[in-house]
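Enquirer: Sending over query39.txt (compact mmCIF, C-alpha atoms).
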```
# COMPACT_ATOMS: atom_id res chain seq x y z
CA MET A 1 104.23 122.12 90.42
CA ARG A 2 104.53 122.45 86.65
CA GLU A 3 101.83 123.14 84.11
CA LEU A 4 100.58 120.25 81.99
CA THR A 5 100.00 121.24 78.36
CA LEU A 6 98.78 119.53 75.22
CA ALA A 7 102.42 119.35 74.09
CA ASP A 8 103.17 117.18 77.15
CA LEU A 9 100.42 114.77 76.11
CA THR A 10 102.22 113.60 72.97
CA PRO A 11 104.15 110.30 72.90
CA ARG A 12 107.43 112.22 73.17
CA GLY A 13 106.18 114.44 75.99
CA LEU A 14 104.80 111.51 77.99
CA ALA A 15 108.04 109.56 77.56
CA GLU A 16 109.77 112.40 79.40
CA LEU A 17 107.13 112.74 82.15
CA ILE A 18 106.55 109.10 83.10
CA PRO A 19 110.00 108.42 84.63
CA LEU A 20 109.87 111.58 86.76
CA GLU A 21 108.98 111.59 90.45
CA ASP A 22 106.38 114.30 89.81
CA ASP A 23 102.76 113.28 90.15
CA TYR A 24 100.55 116.39 90.36
CA TYR A 25 100.41 119.00 87.60
CA PHE A 26 98.11 121.95 86.99
CA SER A 27 96.20 123.26 84.01
CA LEU A 28 93.91 126.17 83.21
CA ASN A 29 92.70 124.36 80.09
CA TRP A 30 89.11 123.26 80.70
CA SER A 31 88.46 122.10 77.14
CA PRO A 32 87.01 118.63 76.41
CA GLU A 33 90.01 117.97 74.14
CA PHE A 34 92.54 118.55 76.93
CA TYR A 35 90.54 116.50 79.42
CA ARG A 36 90.28 113.52 77.06
CA ARG A 37 93.98 113.71 76.20
CA GLN A 38 95.18 113.74 79.81
CA ALA A 39 92.74 110.97 80.74
CA ARG A 40 93.84 108.79 77.82
CA ALA A 41 97.45 109.23 78.99
CA GLY A 42 96.59 107.77 82.42
CA PHE A 43 96.22 111.00 84.41
CA ILE A 44 93.29 111.35 86.80
CA ALA A 45 92.31 114.99 87.27
CA VAL A 46 90.72 116.67 90.27
CA ALA A 47 90.10 120.41 90.71
CA GLY A 48 90.69 123.15 93.24
CA ILE A 49 90.20 126.84 93.85
CA THR A 50 93.35 128.99 93.61
CA PRO A 51 94.00 132.74 93.56
CA VAL A 52 93.64 132.64 89.75
CA GLY A 53 90.35 130.76 89.95
CA PRO A 54 89.36 127.11 89.42
CA VAL A 55 92.28 124.95 88.27
CA LEU A 56 92.53 121.37 87.07
CA PHE A 57 95.08 119.17 88.83
CA PRO A 58 95.84 116.17 86.61
CA GLU A 59 97.73 113.50 88.52
CA LEU A 60 99.97 110.84 87.05
CA GLN A 61 99.82 108.71 90.16
CA LYS A 62 102.78 106.92 91.65
CA ALA A 63 100.53 103.91 92.24
CA TYR A 64 97.04 102.81 91.18
CA ALA A 65 94.40 100.50 92.64
CA VAL A 66 93.30 98.01 89.97
CA LEU A 67 90.46 95.53 90.20
CA ASP A 68 90.77 92.40 88.08
CA TRP A 69 87.50 90.51 87.95
CA GLU A 70 88.85 87.27 89.40
CA ASN A 71 89.87 89.21 92.55
CA LEU A 72 86.41 90.64 93.27
CA HIS A 73 85.58 89.98 96.93
CA LEU A 74 82.22 89.99 98.75
CA GLY A 75 82.36 90.42 102.51
CA LYS A 76 79.88 88.78 104.87
CA THR A 77 77.66 91.86 105.24
CA VAL A 78 77.37 92.38 101.50
CA SER A 79 76.85 88.66 100.88
CA ARG A 80 73.79 88.87 103.12
CA LEU A 81 72.52 91.88 101.17
CA PHE A 82 72.80 89.91 97.93
CA LYS A 83 70.21 87.53 99.39
CA ASN A 84 67.79 90.45 99.75
CA PRO A 85 64.71 89.84 97.55
CA ALA A 86 64.89 93.48 96.42
CA LEU A 87 67.82 92.54 94.18
CA THR A 88 65.84 89.86 92.38
CA ASP A 89 62.37 91.36 92.20
CA GLY A 90 63.46 94.55 90.45
CA ARG A 91 63.12 96.97 93.34
CA VAL A 92 66.90 97.58 93.29
CA SER A 93 68.70 97.96 89.96
CA LEU A 94 71.94 99.31 88.55
CA SER A 95 72.22 101.40 85.39
CA LEU A 96 75.08 103.06 83.53
CA ASN A 97 73.64 106.38 82.42
CA GLU A 98 75.35 108.31 79.61
CA ASP A 99 73.91 111.48 81.18
CA PRO A 100 75.85 112.00 84.45
CA ARG A 101 73.70 114.91 85.66
CA PRO A 102 71.54 112.95 88.19
CA VAL A 103 74.65 111.50 89.82
CA LEU A 104 76.49 114.84 89.76
CA GLU A 105 73.54 116.49 91.51
CA ALA A 106 73.49 113.71 94.10
CA LEU A 107 77.25 114.04 94.64
CA GLU A 108 76.95 117.79 95.15
CA ALA A 109 74.23 117.26 97.77
CA HIS A 110 76.11 114.41 99.43
CA TRP A 111 79.41 116.28 99.83
CA GLU A 112 77.68 119.58 100.69
CA GLY A 113 80.11 121.67 98.68
CA GLU A 114 83.21 120.08 100.27
CA SER A 115 84.27 118.16 97.16
CA TRP A 116 86.84 118.73 94.43
CA LEU A 117 83.96 118.33 91.95
CA LEU A 118 83.66 122.08 91.46
CA THR A 119 81.00 123.58 89.23
CA PRO A 120 83.41 124.00 86.24
CA TYR A 121 84.41 120.34 86.59
CA ARG A 122 80.80 119.15 86.68
CA ASN A 123 80.03 121.34 83.67
CA LEU A 124 83.00 119.87 81.82
CA LEU A 125 81.81 116.31 82.48
CA CYS A 126 78.41 117.28 81.11
CA ARG A 127 80.03 118.74 77.99
CA LEU A 128 82.00 115.53 77.54
CA SER A 129 78.83 113.45 77.86
CA ASP A 130 77.06 115.70 75.35
CA GLN A 131 79.97 115.27 72.90
CA PRO A 132 80.65 111.52 73.15
CA GLU A 133 83.49 109.86 71.27
CA MET A 134 83.72 106.18 70.42
CA ASP A 135 86.60 105.55 72.83
CA PHE A 136 85.66 108.01 75.59
CA ARG A 137 82.35 107.86 77.45
CA VAL A 138 81.33 109.57 80.70
CA TRP A 139 78.95 107.56 82.86
CA GLY A 140 76.76 108.29 85.81
CA VAL A 141 76.47 104.92 87.58
CA GLU A 142 73.14 104.74 89.40
CA LEU A 143 71.91 102.26 91.99
CA ARG A 144 68.21 102.90 92.48
CA ALA A 145 65.82 101.38 95.02
CA GLU A 146 62.15 101.69 94.13
CA GLY A 147 63.13 104.50 91.77
CA GLU A 148 65.21 106.47 94.28
CA LEU A 149 68.95 107.04 93.75
CA ILE A 150 70.61 105.44 96.79
CA ALA A 151 74.24 105.08 95.62
CA GLY A 152 76.32 105.83 92.58
CA GLU A 153 79.40 107.33 91.05
CA VAL A 154 80.70 109.26 88.08
CA GLY A 155 83.54 107.99 85.92
CA TYR A 156 84.64 107.40 82.36
CA ALA A 157 85.35 104.51 80.04
CA ILE A 158 88.30 104.69 77.66
CA GLY A 159 88.72 101.72 75.37
CA ALA A 160 88.36 98.67 77.61
CA VAL A 161 89.11 100.38 80.94
CA TYR A 162 86.68 102.09 83.30
CA THR A 163 88.01 104.75 85.72
CA SER A 164 86.15 105.95 88.83
CA LEU A 165 86.17 109.62 89.77
CA SER A 166 83.86 110.10 92.77
CA GLY A 167 81.01 108.23 94.41
CA PHE A 168 78.44 108.38 97.19
CA SER A 169 75.92 106.26 99.04
CA ARG A 170 72.93 107.21 101.14
CA ARG A 171 73.90 107.98 104.72
CA GLU A 172 70.53 107.42 106.41
CA GLY A 173 67.43 105.30 106.06
CA PRO A 174 66.68 101.70 105.12
CA TRP A 175 68.80 101.86 101.96
CA SER A 176 71.96 103.14 103.64
CA ARG A 177 73.89 100.32 105.29
CA GLY A 178 75.99 98.34 102.80
CA TRP A 179 74.27 99.41 99.61
CA GLY A 180 77.22 101.53 98.48
CA THR A 181 79.30 98.34 98.40
CA VAL A 182 76.50 96.55 96.55
CA GLN A 183 76.72 99.25 93.89
CA LEU A 184 80.46 98.64 93.53
CA ILE A 185 80.06 94.90 93.18
CA LEU A 186 77.19 95.15 90.71
CA LEU A 187 79.24 97.63 88.68
CA ALA A 188 82.26 95.30 88.66
CA ARG A 189 80.09 92.44 87.42
CA GLU A 190 78.55 94.65 84.73
CA LEU A 191 81.94 95.89 83.54
CA GLU A 192 83.12 92.30 83.28
CA ARG A 193 79.98 91.35 81.37
CA ARG A 194 80.60 94.14 78.89
CA GLY A 195 84.12 92.90 78.26
CA PHE A 196 86.18 95.50 80.13
CA ALA A 197 89.79 94.50 80.83
CA PHE A 198 89.92 95.92 84.37
CA TRP A 199 88.66 98.69 86.63
CA ASN A 200 90.97 101.62 87.45
CA LEU A 201 90.03 102.66 90.98
CA GLY A 202 92.66 105.38 91.19
CA HIS A 203 94.36 106.12 94.51
CA PRO A 204 95.30 102.93 96.36
CA TYR A 205 95.15 104.26 99.92
CA MET A 206 91.38 103.93 100.52
CA PRO A 207 90.72 100.66 102.43
CA TYR A 208 87.41 99.87 100.69
CA LYS A 209 89.24 99.40 97.37
CA LEU A 210 91.52 96.73 98.79
CA GLN A 211 88.56 95.13 100.59
CA LEU A 212 86.81 94.95 97.21
CA GLY A 213 89.77 92.97 95.88
CA ALA A 214 91.87 95.64 94.18
CA LYS A 215 95.64 95.22 93.92
CA ILE A 216 98.21 98.03 93.92
CA PHE A 217 100.29 98.61 90.80
CA PRO A 218 103.22 101.07 90.64
CA ARG A 219 103.01 103.68 87.90
CA ALA A 220 105.19 102.02 85.25
CA GLU A 221 103.53 98.62 85.61
CA PHE A 222 100.05 100.15 85.63
CA LEU A 223 100.73 102.24 82.51
CA ARG A 224 101.89 99.18 80.58
CA ARG A 225 98.52 97.53 81.23
CA TRP A 226 96.66 100.79 80.71
CA GLN A 227 98.20 101.56 77.33
CA GLN A 228 97.22 98.16 75.99
CA ALA A 229 93.67 98.29 77.33
CA VAL A 230 92.82 101.82 76.17
CA LYS A 231 93.61 100.72 72.61
CA ALA A 232 91.01 97.95 72.90
CA ALA A 233 87.37 98.12 71.91
CA CYS A 234 84.54 97.25 74.26
CA SER A 235 80.85 96.89 73.47
CA PRO A 236 78.59 99.27 75.44
CA HIS A 237 76.19 96.42 76.22
CA GLY A 238 77.91 93.04 75.80
CA GLN A 239 81.23 91.26 75.71
CA SER A 240 83.56 92.33 72.94
CA PHE A 241 87.08 92.82 74.23
CA ARG A 242 89.50 92.83 71.33
CA ALA A 243 92.95 94.35 70.93
CA THR A 244 93.49 96.90 68.19
CA SER A 245 96.68 98.25 66.73
```
Take the structure in the file and write it out as structure tokens.
Expert:
Amino acid sequence: MRELTLADLTPRGLAELIPLEDDYYFSLNWSPEFYRRQARAGFIAVAGITPVGPVLFPELQKAYAVLDWENLHLGKTVSRLFKNPALTDGRVSLSLNEDPRPVLEALEAHWEGESWLLTPYRNLLCRLSDQPEMDFRVWGVELRAEGELIAGEVGYAIGAVYTSLSGFSRREGPWSRGWGTVQLILLARELERRGFAFWNLGHPYMPYKLQLGAKIFPRAEFLRRWQQAVKAACSPHGQSFRATS
């Protein structure tokens, strides 16, 4: 596994990396600048503990799961949940929070320390949210029922593409069964409303992504779409999808 550096994240460096069979790289650079650069290039980074300490593992995936809005699919169970009065009377609501800390805390509790979202990674996401840039925003997506956080995820928006990192849903209680999928569908609808081009769901091997309606794109085809969409502008609150040079 080779180290990914800022020099690799230039147009010339990426032109050399993209055709390779390599997918995982490593980096000891935990700066917001490096994270934004690798994310803008289409990498999705996780983290792990190594003998030298916590390390970032940016991945230029061989294939990506992509949700286009016209492919969004509601199964029978979720369709029944969308008839639940709680979704229309305000007891259940979705929000895209520019402060990811509530979701990060919920993710830590949900995965009980068995997640790649190590403390340095969570801290980095908080730094990124505290230092927002016009074309890079970290979100904590929250589905709340009567004020309680019952499902959500953390991810980032670059241009007119949203990328998921990690999510959770309540495992027990009246708000457990199916509400994680409700969060995904409500988020897809909200991203479409705001004018996003598509949703990058990352790894294609998780069945729920295909059940949601995602299609699998090989690296080269995905990056062609990605590079166009990340150069687009998208309103934080309403539709405004426009290409920029």
Enquirer: Go through A:Leu124, A:Leu96, A:Leu6, A:Val66 one by one, measure the shortest atom-to-atom distance of each to Ala47 in chain A using all atoms listed in the file, and give the residue with the smallest value.
Expert: A:Leu124
Enquirer: Find the residues around Tyr156 in chain A up to 7 Å (all atoms listed in the file counted), leave out those fewer than 6 positions away in its own chain, and share them as number ranges by chain.
Expert: A: 136-139, 162-164
Enquirer: Kindly export the residues of the current selection with C-alpha atoms, as a tab-separated table (two decimals), in the frame of the given file.
Expert:
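again14.tsv was written with the following content:
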```
chain	number	residue	atom	x	y	z
A	136	PHE	CA	85.66	108.01	75.59
A	137	ARG	CA	82.35	107.86	77.45
A	138	VAL	CA	81.33	109.57	80.70
A	139	TRP	CA	78.95	107.56	82.86
A	162	TYR	CA	86.68	102.09	83.30
A	163	THR	CA	88.01	104.75	85.72
A	164	SER	CA	86.15	105.95	88.83
```
Enquirer: With a distance cut-off of 12 Å and only C-alpha atoms, select the neighbouring residues of Gln131 in chain A, excluding the residue or stretch itself and same-chain residues fewer than 2 positions from it, and output the selection as a PyMOL selection string.
Expert: chain A and resi 31-33+36+98-99+124-129+133-138
Enquirer: Using CA of Trp116 in chain A and CA of Val78 in chain A as the two end points, give the distance in Å to one decimal.
Expert: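 Those two atoms sit 28.9 Å apart.
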Enquirer: Show me the residues around (92.6, 96.1, 99.4) - criterion: an atom at most 12 Å away, all atoms listed in the file counted - as a list of chain:residue names.
Expert: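 The residues that fall inside the cut-off are A:Tyr64, A:Ala65, A:Val66, A:Leu67, A:Asn71, A:Leu72, A:His73, A:Leu201, A:His203, A:Pro204, A:Tyr205, A:Met206, A:Pro207, A:Tyr208, A:Lys209, A:Leu210, A:Gln211, A:Leu212, A:Gly213, A:Ala214, A:Lys215, A:Ile216, A:Phe217.
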Enquirer: Go through A:Ala229, A:Leu184, A:Val161, A:Ala220 and flag the residue nearest Leu17 in chain A, using only C-alpha atoms for the distances.
Expert: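 Among A:Ala229, A:Leu184, A:Val161, A:Ala220, it is A:Ala220 that comes nearest to Leu17 in chain A.
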